[in-house]
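As stored in input-v7.pdb (PDB, C-alpha atoms):
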ATOM      1  CA  MET K   1      57.505   6.314-122.067
ATOM      2  CA  TYR K   2      57.427   9.159-119.575
ATOM      3  CA  GLY K   3      56.582  12.761-120.375
ATOM      4  CA  LEU K   4      56.660  16.016-118.524
ATOM      5  CA  ILE K   5      55.097  19.363-119.406
ATOM      6  CA  GLY K   6      56.422  22.123-117.179
ATOM      7  CA  SER K   7      56.680  25.870-116.987
ATOM      8  CA  ALA K   8      58.647  28.300-114.868
ATOM      9  CA  ARG K   9      58.932  32.058-114.465
ATOM     10  CA  ALA K  10      62.517  33.271-114.541
ATOM     11  CA  ARG K  11      63.576  36.239-112.480
ATOM     12  CA  THR K  12      63.160  39.460-114.426
ATOM     13  CA  GLY K  13      65.600  39.612-117.304
ATOM     14  CA  ARG K  14      67.088  36.152-116.571
ATOM     15  CA  ARG K  15      65.131  34.021-119.095
ATOM     16  CA  ASP K  16      67.865  33.826-121.690
ATOM     17  CA  GLU K  17      70.335  32.509-119.094
ATOM     18  CA  THR K  18      67.692  30.025-117.903
ATOM     19  CA  VAL K  19      67.052  28.799-121.452
ATOM     20  CA  ALA K  20      70.794  28.438-122.100
ATOM     21  CA  ILE K  21      71.175  26.193-119.051
ATOM     22  CA  LEU K  22      68.088  24.144-119.977
ATOM     23  CA  LEU K  23      69.592  23.546-123.438
ATOM     24  CA  GLU K  24      72.756  22.066-121.960
ATOM     25  CA  ASN K  25      73.238  18.280-121.967
ATOM     26  CA  MET K  26      70.476  17.893-124.560
ATOM     27  CA  ASP K  27      72.235  15.201-126.560
ATOM     28  CA  SER K  28      74.042  13.411-123.769
ATOM     29  CA  THR K  29      71.310  12.470-121.277
ATOM     30  CA  PRO K  30      70.492   8.743-121.370
ATOM     31  CA  GLY K  31      66.799   8.065-121.902
ATOM     32  CA  ARG K  32      65.981  11.454-123.437
ATOM     33  CA  LEU K  33      63.736  11.029-126.498
ATOM     34  CA  SER K  34      62.334  14.503-126.964
ATOM     35  CA  ASP K  35      62.913  17.815-125.258
ATOM     36  CA  VAL K  36      61.688  21.217-126.363
ATOM     37  CA  VAL K  37      62.546  24.425-124.517
ATOM     38  CA  ALA K  38      60.259  27.306-125.440
ATOM     39  CA  GLU K  39      59.470  30.867-124.450
ATOM     40  CA  GLY K  40      55.982  31.935-123.465
ATOM     41  CA  PRO K  41      55.176  34.590-126.075
ATOM     42  CA  GLY K  42      52.871  36.527-123.748
ATOM     43  CA  ASN K  43      55.370  36.958-120.898
ATOM     44  CA  PRO K  44      59.094  37.882-121.178
ATOM     45  CA  ASP K  45      60.003  35.681-118.193
ATOM     46  CA  VAL K  46      58.070  32.432-118.841
ATOM     47  CA  VAL K  47      59.801  29.259-120.029
ATOM     48  CA  TRP K  48      58.081  26.035-121.135
ATOM     49  CA  ILE K  49      59.750  22.624-121.149
ATOM     50  CA  THR K  50      58.135  19.593-122.775
ATOM     51  CA  GLU K  51      60.101  16.406-122.242
ATOM     52  CA  GLY K  52      59.838  12.822-123.434
ATOM     53  CA  ARG K  53      61.934  10.080-121.833
ATOM     54  CA  ASP K  54      61.963   6.325-122.311
ATOM     55  CA  SER K  55      60.948   5.752-118.665
ATOM     56  CA  ALA K  56      60.197   7.587-115.410
ATOM     57  CA  GLY K  57      63.025   5.695-113.754
ATOM     58  CA  ARG K  58      65.596   6.904-116.283
ATOM     59  CA  TYR K  59      64.232  10.439-115.969
ATOM     60  CA  ARG K  60      64.708  10.398-112.192
ATOM     61  CA  ALA K  61      68.160   8.764-112.561
ATOM     62  CA  SER K  62      69.205  11.531-114.956
ATOM     63  CA  LEU K  63      68.571  14.120-112.246
ATOM     64  CA  ALA K  64      71.487  12.602-110.320
ATOM     65  CA  LEU K  65      73.975  12.905-113.186
ATOM     66  CA  PRO K  66      76.789  15.352-112.291
ATOM     67  CA  ALA K  67      76.211  17.488-115.398
ATOM     68  CA  VAL K  68      72.458  17.694-114.749
ATOM     69  CA  ARG K  69      72.945  18.376-111.010
ATOM     70  CA  GLY K  70      75.350  21.174-111.928
ATOM     71  CA  ALA K  71      72.884  22.693-114.371
ATOM     72  CA  ILE K  72      70.074  22.534-111.790
ATOM     73  CA  ALA K  73      72.295  24.189-109.165
ATOM     74  CA  ARG K  74      73.147  27.054-111.554
ATOM     75  CA  GLY K  75      69.572  27.325-112.866
ATOM     76  CA  LYS K  76      67.564  27.296-109.657
ATOM     77  CA  PRO K  77      68.643  30.773-108.479
ATOM     78  CA  LEU K  78      67.398  32.169-111.800
ATOM     79  CA  ILE K  79      63.854  30.900-111.216
ATOM     80  CA  ALA K  80      61.279  33.143-109.511
ATOM     81  CA  ALA K  81      58.516  30.508-109.514
ATOM     82  CA  PHE K  82      57.666  27.101-110.937
ATOM     83  CA  GLY K  83      54.377  26.785-112.767
ATOM     84  CA  GLN K  84      52.821  23.796-114.518
ATOM     85  CA  HIS K  85      54.102  20.319-113.738
ATOM     86  CA  THR K  86      52.091  17.753-115.697
ATOM     87  CA  GLU K  87      53.278  14.177-116.063
ATOM     88  CA  THR K  88      52.172  12.357-119.196
ATOM     89  CA  ARG K  89      52.634   9.022-120.906
ATOM     90  CA  PRO K  90      53.830   9.621-124.505
ATOM     91  CA  VAL K  91      52.519   7.043-126.970
ATOM     92  CA  GLY K  92      54.069   8.289-130.210
ATOM     93  CA  GLY K  93      54.740  11.224-132.455
ATOM     94  CA  HIS K  94      57.495  12.841-134.504
ATOM     95  CA  GLY K  95      60.945  13.654-133.136
ATOM     96  CA  LEU K  96      61.134  10.952-130.471
ATOM     97  CA  ALA K  97      64.693   9.735-130.905
ATOM     98  CA  PRO K  98      67.227   8.516-128.314
ATOM     99  CA  ALA K  99      69.688  11.277-127.428
ATOM    100  CA  ALA K 100      72.356   9.018-125.909
TER     101      ALA K 100
ATOM    102  CA  MET Y 101      59.503  28.474-134.336
ATOM    103  CA  TYR Y 102      55.930  27.977-133.189
ATOM    104  CA  GLY Y 103      54.828  25.631-130.429
ATOM    105  CA  LEU Y 104      51.530  24.434-129.078
ATOM    106  CA  ILE Y 105      50.749  22.611-125.852
ATOM    107  CA  GLY Y 106      47.216  21.273-125.840
ATOM    108  CA  SER Y 107      45.006  18.784-124.105
ATOM    109  CA  ALA Y 108      41.621  17.272-124.812
ATOM    110  CA  ARG Y 109      39.235  14.869-123.122
ATOM    111  CA  ALA Y 110      38.033  12.112-125.427
ATOM    112  CA  ARG Y 111      34.565  10.714-125.084
ATOM    113  CA  THR Y 112      34.519   7.776-122.677
ATOM    114  CA  GLY Y 113      36.400   4.847-124.128
ATOM    115  CA  ARG Y 114      37.410   6.705-127.320
ATOM    116  CA  ARG Y 115      40.957   7.802-126.400
ATOM    117  CA  ASP Y 116      42.746   5.081-128.331
ATOM    118  CA  GLU Y 117      40.879   6.029-131.520
ATOM    119  CA  THR Y 118      41.675   9.697-130.866
ATOM    120  CA  VAL Y 119      45.369   8.948-130.364
ATOM    121  CA  ALA Y 120      45.461   6.839-133.547
ATOM    122  CA  ILE Y 121      44.070   9.744-135.589
ATOM    123  CA  LEU Y 122      46.462  12.228-133.973
ATOM    124  CA  LEU Y 123      49.381   9.977-134.934
ATOM    125  CA  GLU Y 124      48.404  10.050-138.592
ATOM    126  CA  ASN Y 125      50.358  12.281-140.994
ATOM    127  CA  MET Y 126      53.197  12.612-138.471
ATOM    128  CA  ASP Y 127      55.970  12.379-141.022
ATOM    129  CA  SER Y 128      54.300  14.082-143.948
ATOM    130  CA  THR Y 129      53.207  17.487-142.635
ATOM    131  CA  PRO Y 130      55.416  20.325-143.917
ATOM    132  CA  GLY Y 131      56.845  22.460-141.138
ATOM    133  CA  ARG Y 132      56.452  19.855-138.384
ATOM    134  CA  LEU Y 133      59.596  19.692-136.227
ATOM    135  CA  SER Y 134      58.365  17.908-133.123
ATOM    136  CA  ASP Y 135      55.081  16.340-132.149
ATOM    137  CA  VAL Y 136      54.393  14.165-129.132
ATOM    138  CA  VAL Y 137      51.007  12.588-128.440
ATOM    139  CA  ALA Y 138      50.621  11.412-124.858
ATOM    140  CA  GLU Y 139      48.048  10.030-122.477
ATOM    141  CA  GLY Y 140      47.243  11.720-119.186
ATOM    142  CA  PRO Y 141      48.133   9.013-116.649
ATOM    143  CA  GLY Y 142      45.559  10.237-114.118
ATOM    144  CA  ASN Y 143      42.543  10.112-116.449
ATOM    145  CA  PRO Y 144      41.643   7.379-118.995
ATOM    146  CA  ASP Y 145      40.197   9.936-121.433
ATOM    147  CA  VAL Y 146      42.800  12.741-121.447
ATOM    148  CA  VAL Y 147      45.181  13.272-124.366
ATOM    149  CA  TRP Y 148      48.112  15.728-124.456
ATOM    150  CA  ILE Y 149      49.654  17.062-127.655
ATOM    151  CA  THR Y 150      52.905  19.044-127.667
ATOM    152  CA  GLU Y 151      53.816  20.366-131.090
ATOM    153  CA  GLY Y 152      56.748  22.222-132.574
ATOM    154  CA  ARG Y 153      56.548  23.768-136.046
ATOM    155  CA  ASP Y 154      58.937  25.940-137.984
ATOM    156  CA  SER Y 155      56.384  28.822-138.071
ATOM    157  CA  ALA Y 156      52.847  29.752-137.025
ATOM    158  CA  GLY Y 157      51.999  30.360-140.674
ATOM    159  CA  ARG Y 158      53.013  26.841-141.700
ATOM    160  CA  TYR Y 159      51.077  25.425-138.753
ATOM    161  CA  ARG Y 160      47.908  27.218-139.836
ATOM    162  CA  ALA Y 161      48.498  26.237-143.483
ATOM    163  CA  SER Y 162      48.826  22.585-142.463
ATOM    164  CA  LEU Y 163      45.303  22.676-141.033
ATOM    165  CA  ALA Y 164      44.026  23.134-144.587
ATOM    166  CA  LEU Y 165      45.819  20.084-145.990
ATOM    167  CA  PRO Y 166      43.299  17.456-147.174
ATOM    168  CA  ALA Y 167      44.820  14.705-145.009
ATOM    169  CA  VAL Y 168      44.813  16.927-141.917
ATOM    170  CA  ARG Y 169      41.277  18.209-142.590
ATOM    171  CA  GLY Y 170      40.126  14.599-142.937
ATOM    172  CA  ALA Y 171      41.755  13.621-139.663
ATOM    173  CA  ILE Y 172      40.180  16.606-137.882
ATOM    174  CA  ALA Y 173      36.744  15.713-139.285
ATOM    175  CA  ARG Y 174      37.061  12.118-138.034
ATOM    176  CA  GLY Y 175      38.612  13.139-134.722
ATOM    177  CA  LYS Y 176      36.308  15.951-133.636
ATOM    178  CA  PRO Y 177      33.282  13.717-132.875
ATOM    179  CA  LEU Y 178      35.506  11.688-130.518
ATOM    180  CA  ILE Y 179      36.318  14.737-128.365
ATOM    181  CA  ALA Y 180      34.145  15.535-125.334
ATOM    182  CA  ALA Y 181      36.021  18.744-124.445
ATOM    183  CA  PHE Y 182      39.164  20.682-125.314
ATOM    184  CA  GLY Y 183      41.416  21.668-122.425
ATOM    185  CA  GLN Y 184      44.731  23.528-122.435
ATOM    186  CA  HIS Y 185      45.711  25.533-125.492
ATOM    187  CA  THR Y 186      49.055  27.250-124.849
ATOM    188  CA  GLU Y 187      51.060  28.772-127.680
ATOM    189  CA  THR Y 188      54.814  28.880-127.189
ATOM    190  CA  ARG Y 189      57.941  29.921-129.061
ATOM    191  CA  PRO Y 190      60.376  26.956-129.115
ATOM    192  CA  VAL Y 191      64.034  28.032-128.966
ATOM    193  CA  GLY Y 192      65.776  24.673-129.020
ATOM    194  CA  GLY Y 193      65.960  21.190-127.640
ATOM    195  CA  HIS Y 194      66.308  17.574-128.708
ATOM    196  CA  GLY Y 195      64.157  15.920-131.356
ATOM    197  CA  LEU Y 196      63.357  19.011-133.410
ATOM    198  CA  ALA Y 197      63.768  17.682-136.951
ATOM    199  CA  PRO Y 198      61.836  18.519-140.143
ATOM    200  CA  ALA Y 199      59.218  15.855-140.868
ATOM    201  CA  ALA Y 200      58.726  16.712-144.528
TER     202      ALA Y 200
END
For this file, write the structure as C-alpha coordinates.
Amino acid sequence: MYGLIGSARARTGRRDETVAILLENMDSTPGRLSDVVAEGPGNPDVVWITEGRDSAGRYRASLALPAVRGAIARGKPLIAAFGQHTETRPVGGHGLAPAA
Amino acid sequence: MYGLIGSARARTGRRDETVAILLENMDSTPGRLSDVVAEGPGNPDVVWITEGRDSAGRYRASLALPAVRGAIARGKPLIAAFGQHTETRPVGGHGLAPAA
(Lines of atoms letter the chains of each structure in order from A and count residues from 1; the text may use other names and numbers.)
(Lines give C-alpha, C1' and ligand atoms only; values in the text may rest on other atoms or scores of the structure.)
Protein backbone atom coordinates (compact mmCIF):
# COMPACT_ATOMS: atom_id res chain seq x y z
CA MET A 1 0.00 0.00 0.00
CA TYR A 2 0.99 3.61 -0.52
CA GLY A 3 0.24 6.46 1.86
CA LEU A 4 0.61 10.19 1.79
CA ILE A 5 0.39 12.72 4.62
CA GLY A 6 0.21 16.25 3.28
CA SER A 7 -0.74 19.74 4.33
CA ALA A 8 -1.38 22.99 2.51
CA ARG A 9 -2.21 26.57 3.40
CA ALA A 10 -5.15 27.92 1.45
CA ARG A 11 -5.30 31.56 0.47
CA THR A 12 -7.01 33.62 3.15
CA GLY A 13 -10.67 32.74 3.38
CA ARG A 14 -10.47 30.04 0.66
CA ARG A 15 -10.17 26.89 2.84
CA ASP A 16 -13.78 25.84 2.57
CA GLU A 17 -13.60 25.95 -1.24
CA THR A 18 -10.32 23.99 -1.09
CA VAL A 19 -11.85 21.34 1.17
CA ALA A 20 -14.91 21.04 -1.09
CA ILE A 21 -12.70 20.33 -4.11
CA LEU A 22 -10.56 17.84 -2.15
CA LEU A 23 -13.74 15.96 -1.17
CA GLU A 24 -14.75 15.50 -4.80
CA ASN A 25 -14.21 12.11 -6.48
CA MET A 26 -13.78 10.45 -3.09
CA ASP A 27 -15.71 7.32 -3.97
CA SER A 28 -14.81 7.02 -7.63
CA THR A 29 -10.99 7.00 -7.70
CA PRO A 30 -9.58 3.53 -8.42
CA GLY A 31 -7.07 2.40 -5.80
CA ARG A 32 -8.26 4.75 -3.05
CA LEU A 33 -8.50 2.89 0.28
CA SER A 34 -8.60 5.72 2.78
CA ASP A 35 -8.70 9.48 2.48
CA VAL A 36 -9.32 11.99 5.24
CA VAL A 37 -9.51 15.73 4.63
CA ALA A 38 -9.12 17.76 7.81
CA GLU A 39 -8.75 21.33 8.99
CA GLY A 40 -5.83 22.43 11.12
CA PRO A 41 -7.54 23.67 14.28
CA GLY A 42 -4.83 26.21 15.06
CA ASN A 43 -4.91 28.00 11.69
CA PRO A 44 -8.02 29.02 9.67
CA ASP A 45 -6.24 28.36 6.35
CA VAL A 46 -4.49 25.00 6.92
CA VAL A 47 -5.77 21.77 5.36
CA TRP A 48 -4.47 18.25 6.08
CA ILE A 49 -4.89 15.30 3.73
CA THR A 50 -4.04 11.75 4.78
CA GLU A 51 -4.38 9.25 1.96
CA GLY A 52 -4.11 5.49 1.62
CA ARG A 53 -3.96 3.86 -1.81
CA ASP A 54 -3.41 0.27 -2.88
CA SER A 55 -0.19 1.20 -4.72
CA ALA A 56 2.03 4.17 -5.63
CA GLY A 57 1.48 3.39 -9.29
CA ARG A 58 -2.31 3.62 -8.99
CA TYR A 59 -1.94 6.84 -7.00
CA ARG A 60 0.15 8.43 -9.75
CA ALA A 61 -2.22 7.07 -12.45
CA SER A 62 -5.17 8.65 -10.64
CA LEU A 63 -3.57 12.08 -11.01
CA ALA A 64 -4.10 11.75 -14.77
CA LEU A 65 -7.83 11.02 -14.52
CA PRO A 66 -9.88 13.83 -16.13
CA ALA A 67 -11.96 14.41 -12.99
CA VAL A 68 -8.86 14.56 -10.77
CA ARG A 69 -6.97 16.80 -13.25
CA GLY A 70 -9.97 19.13 -13.30
CA ALA A 71 -10.10 19.27 -9.51
CA ILE A 72 -6.36 19.99 -9.31
CA ALA A 73 -6.67 22.77 -11.90
CA ARG A 74 -9.51 24.42 -9.93
CA GLY A 75 -7.81 23.83 -6.56
CA LYS A 76 -4.28 24.99 -7.25
CA PRO A 77 -5.12 28.71 -7.49
CA LEU A 78 -6.68 28.48 -4.02
CA ILE A 79 -3.43 27.29 -2.44
CA ALA A 80 -0.99 29.83 -0.97
CA ALA A 81 1.65 27.23 -0.03
CA PHE A 82 2.15 23.48 0.23
CA GLY A 83 3.44 22.16 3.53
CA GLN A 84 4.15 18.60 4.63
CA HIS A 85 4.54 15.89 2.02
CA THR A 86 5.35 12.58 3.72
CA GLU A 87 5.09 9.29 1.86
CA THR A 88 4.31 6.24 3.96
CA ARG A 89 3.66 2.54 3.54
CA PRO A 90 0.33 1.67 5.24
CA VAL A 91 0.30 -1.81 6.79
CA GLY A 92 -3.21 -1.92 8.25
CA GLY A 93 -5.83 -0.16 10.28
CA HIS A 94 -9.54 0.65 10.29
CA GLY A 95 -11.36 2.24 7.36
CA LEU A 96 -9.15 0.94 4.56
CA ALA A 97 -11.73 -0.06 1.98
CA PRO A 98 -11.62 0.14 -1.84
CA ALA A 99 -13.49 3.20 -3.09
CA ALA A 100 -13.92 2.02 -6.69
CA MET B 1 -14.57 15.01 14.42
CA TYR B 2 -11.12 14.76 15.94
CA GLY B 3 -7.98 13.71 14.09
CA LEU B 4 -4.43 12.93 15.04
CA ILE B 5 -1.36 12.58 12.86
CA GLY B 6 1.54 11.10 14.78
CA SER B 7 4.85 9.40 14.28
CA ALA B 8 7.22 7.47 16.49
CA ARG B 9 10.61 5.82 16.18
CA ALA B 10 10.65 2.26 17.48
CA ARG B 11 13.72 0.86 19.12
CA THR B 12 16.00 -0.78 16.56
CA GLY B 13 14.38 -3.89 15.16
CA ARG B 14 11.16 -3.47 17.18
CA ARG B 15 8.91 -1.81 14.57
CA ASP B 16 7.00 -4.94 13.61
CA GLU B 17 6.09 -5.58 17.25
CA THR B 18 5.06 -1.92 17.61
CA VAL B 19 2.88 -2.09 14.51
CA ALA B 20 1.26 -5.33 15.72
CA ILE B 21 0.27 -3.68 19.01
CA LEU B 22 -1.02 -0.56 17.24
CA LEU B 23 -3.23 -2.77 15.06
CA GLU B 24 -4.89 -4.32 18.09
CA ASN B 25 -8.39 -3.16 19.10
CA MET B 26 -8.91 -1.57 15.67
CA ASP B 27 -12.51 -2.63 15.33
CA SER B 28 -13.58 -2.46 18.94
CA THR B 29 -12.74 1.08 20.07
CA PRO B 30 -15.85 3.28 20.40
CA GLY B 31 -15.60 6.50 18.42
CA ARG B 32 -12.93 5.27 15.99
CA LEU B 33 -13.79 6.29 12.42
CA SER B 34 -10.47 5.88 10.63
CA ASP B 35 -7.09 4.61 11.68
CA VAL B 36 -4.13 3.86 9.45
CA VAL B 37 -0.85 2.46 10.74
CA ALA B 38 2.01 2.88 8.30
CA GLU B 39 5.75 2.42 8.03
CA GLY B 40 8.05 5.27 7.08
CA PRO B 41 9.68 3.97 3.89
CA GLY B 42 12.89 5.93 4.46
CA ASN B 43 13.62 4.60 7.96
CA PRO B 44 13.28 0.98 9.22
CA ASP B 45 12.16 2.15 12.68
CA VAL B 46 9.59 4.89 11.92
CA VAL B 47 5.85 4.33 12.35
CA TRP B 48 3.08 6.74 11.29
CA ILE B 49 -0.41 6.72 12.77
CA THR B 50 -3.25 8.77 11.27
CA GLU B 51 -6.43 8.59 13.31
CA GLY B 52 -9.96 9.88 12.93
CA ARG B 53 -12.41 9.80 15.84
CA ASP B 54 -15.91 11.14 16.23
CA SER B 55 -14.79 13.50 19.06
CA ALA B 56 -11.76 14.49 21.13
CA GLY B 57 -13.63 13.44 24.25
CA ARG B 58 -14.20 9.91 22.96
CA TYR B 59 -10.56 9.72 21.89
CA ARG B 60 -9.37 10.62 25.38
CA ALA B 61 -11.92 8.25 26.95
CA SER B 62 -10.64 5.41 24.77
CA LEU B 63 -7.18 5.81 26.29
CA ALA B 64 -8.64 4.62 29.59
CA LEU B 65 -10.13 1.42 28.17
CA PRO B 66 -8.44 -1.66 29.70
CA ALA B 67 -7.51 -3.11 26.30
CA VAL B 68 -6.04 0.20 25.13
CA ARG B 69 -4.20 0.79 28.42
CA GLY B 70 -2.73 -2.71 28.13
CA ALA B 71 -1.58 -2.08 24.58
CA ILE B 72 0.01 1.24 25.59
CA ALA B 73 1.82 -0.43 28.50
CA ARG B 74 3.24 -3.13 26.20
CA GLY B 75 4.00 -0.68 23.39
CA LYS B 76 5.72 2.13 25.27
CA PRO B 77 8.94 0.19 26.05
CA LEU B 78 9.31 -0.47 22.30
CA ILE B 79 9.39 3.25 21.47
CA ALA B 80 12.73 5.08 21.29
CA ALA B 81 11.18 8.50 20.60
CA PHE B 82 7.88 10.14 19.71
CA GLY B 83 7.87 12.43 16.69
CA GLN B 84 5.01 14.37 15.10
CA HIS B 85 1.85 14.97 17.11
CA THR B 86 -0.57 17.06 15.03
CA GLU B 87 -4.21 17.40 16.02
CA THR B 88 -6.65 18.01 13.19
CA ARG B 89 -10.38 18.41 12.63
CA PRO B 90 -11.49 15.91 9.95
CA VAL B 91 -14.31 17.24 7.75
CA GLY B 92 -14.82 14.32 5.39
CA GLY B 93 -13.25 11.77 3.14
CA HIS B 94 -13.34 8.08 2.29
CA GLY B 95 -13.09 5.30 4.85
CA LEU B 96 -14.55 7.16 7.81
CA ALA B 97 -16.82 4.50 9.32
CA PRO B 98 -17.66 3.76 12.97
CA ALA B 99 -15.60 0.83 14.26
CA ALA B 100 -17.80 0.03 17.24
List as a ChimeraX atom specification the residues having at least one atom at most 12 Å from position (54.9, 28.2, -137.7) as given in the file, counting only C-alpha atoms.
/Y:101-104,129-134,151-163,187-190
Can you write just those residues out, C-alpha atoms, as an mmCIF file, keeping the file's coordinate frame?
data_model
loop_
_atom_site.group_PDB
_atom_site.id
_atom_site.type_symbol
_atom_site.label_atom_id
_atom_site.label_comp_id
_atom_site.auth_asym_id
_atom_site.auth_seq_id
_atom_site.Cartn_x
_atom_site.Cartn_y
_atom_site.Cartn_z
ATOM 1 C CA MET Y 101 59.503 28.474 -134.336
ATOM 2 C CA TYR Y 102 55.930 27.977 -133.189
ATOM 3 C CA GLY Y 103 54.828 25.631 -130.429
ATOM 4 C CA LEU Y 104 51.530 24.434 -129.078
ATOM 5 C CA THR Y 129 53.207 17.487 -142.635
ATOM 6 C CA PRO Y 130 55.416 20.325 -143.917
ATOM 7 C CA GLY Y 131 56.845 22.460 -141.138
ATOM 8 C CA ARG Y 132 56.452 19.855 -138.384
ATOM 9 C CA LEU Y 133 59.596 19.692 -136.227
ATOM 10 C CA SER Y 134 58.365 17.908 -133.123
ATOM 11 C CA GLU Y 151 53.816 20.366 -131.090
ATOM 12 C CA GLY Y 152 56.748 22.222 -132.574
ATOM 13 C CA ARG Y 153 56.548 23.768 -136.046
ATOM 14 C CA ASP Y 154 58.937 25.940 -137.984
ATOM 15 C CA SER Y 155 56.384 28.822 -138.071
ATOM 16 C CA ALA Y 156 52.847 29.752 -137.025
ATOM 17 C CA GLY Y 157 51.999 30.360 -140.674
ATOM 18 C CA ARG Y 158 53.013 26.841 -141.700
ATOM 19 C CA TYR Y 159 51.077 25.425 -138.753
ATOM 20 C CA ARG Y 160 47.908 27.218 -139.836
ATOM 21 C CA ALA Y 161 48.498 26.237 -143.483
ATOM 22 C CA SER Y 162 48.826 22.585 -142.463
ATOM 23 C CA LEU Y 163 45.303 22.676 -141.033
ATOM 24 C CA GLU Y 187 51.060 28.772 -127.680
ATOM 25 C CA THR Y 188 54.814 28.880 -127.189
ATOM 26 C CA ARG Y 189 57.941 29.921 -129.061
ATOM 27 C CA PRO Y 190 60.376 26.956 -129.115
#
Once the PyMOL selection byres ((chain Y) within 7 of (chain K)) has been evaluated on this model, what residues remain selected, and can you format them as a PyMOL selection string?
chain Y and resi 123+126-127+133-141+188-197
Written file, previous selection with C-alpha atoms, as an mmCIF file, keeping the file's coordinate frame:
data_model
loop_
_atom_site.group_PDB
_atom_site.id
_atom_site.type_symbol
_atom_site.label_atom_id
_atom_site.label_comp_id
_atom_site.auth_asym_id
_atom_site.auth_seq_id
_atom_site.Cartn_x
_atom_site.Cartn_y
_atom_site.Cartn_z
ATOM 1 C CA LEU Y 123 49.381 9.977 -134.934
ATOM 2 C CA MET Y 126 53.197 12.612 -138.471
ATOM 3 C CA ASP Y 127 55.970 12.379 -141.022
ATOM 4 C CA LEU Y 133 59.596 19.692 -136.227
ATOM 5 C CA SER Y 134 58.365 17.908 -133.123
ATOM 6 C CA ASP Y 135 55.081 16.340 -132.149
ATOM 7 C CA VAL Y 136 54.393 14.165 -129.132
ATOM 8 C CA VAL Y 137 51.007 12.588 -128.440
ATOM 9 C CA ALA Y 138 50.621 11.412 -124.858
ATOM 10 C CA GLU Y 139 48.048 10.030 -122.477
ATOM 11 C CA GLY Y 140 47.243 11.720 -119.186
ATOM 12 C CA PRO Y 141 48.133 9.013 -116.649
ATOM 13 C CA THR Y 188 54.814 28.880 -127.189
ATOM 14 C CA ARG Y 189 57.941 29.921 -129.061
ATOM 15 C CA PRO Y 190 60.376 26.956 -129.115
ATOM 16 C CA VAL Y 191 64.034 28.032 -128.966
ATOM 17 C CA GLY Y 192 65.776 24.673 -129.020
ATOM 18 C CA GLY Y 193 65.960 21.190 -127.640
ATOM 19 C CA HIS Y 194 66.308 17.574 -128.708
ATOM 20 C CA GLY Y 195 64.157 15.920 -131.356
ATOM 21 C CA LEU Y 196 63.357 19.011 -133.410
ATOM 22 C CA ALA Y 197 63.768 17.682 -136.951
#
Please evaluate the PyMOL selection byres ((chain Y and resi 168-178) around 7) against the displayed coordinates and give the resulting residues as a PyMOL selection string.
chain Y and resi 110-111+114+118+121+162-167+179-180
What is the atom CA of K:His85-atom CA of K:Ala8 distance in Å, reported with one decimal?
9.3 Å
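Put simply, atom CA of Y:Ser107 is 12.9 Å away from atom CA of Y:Pro144.
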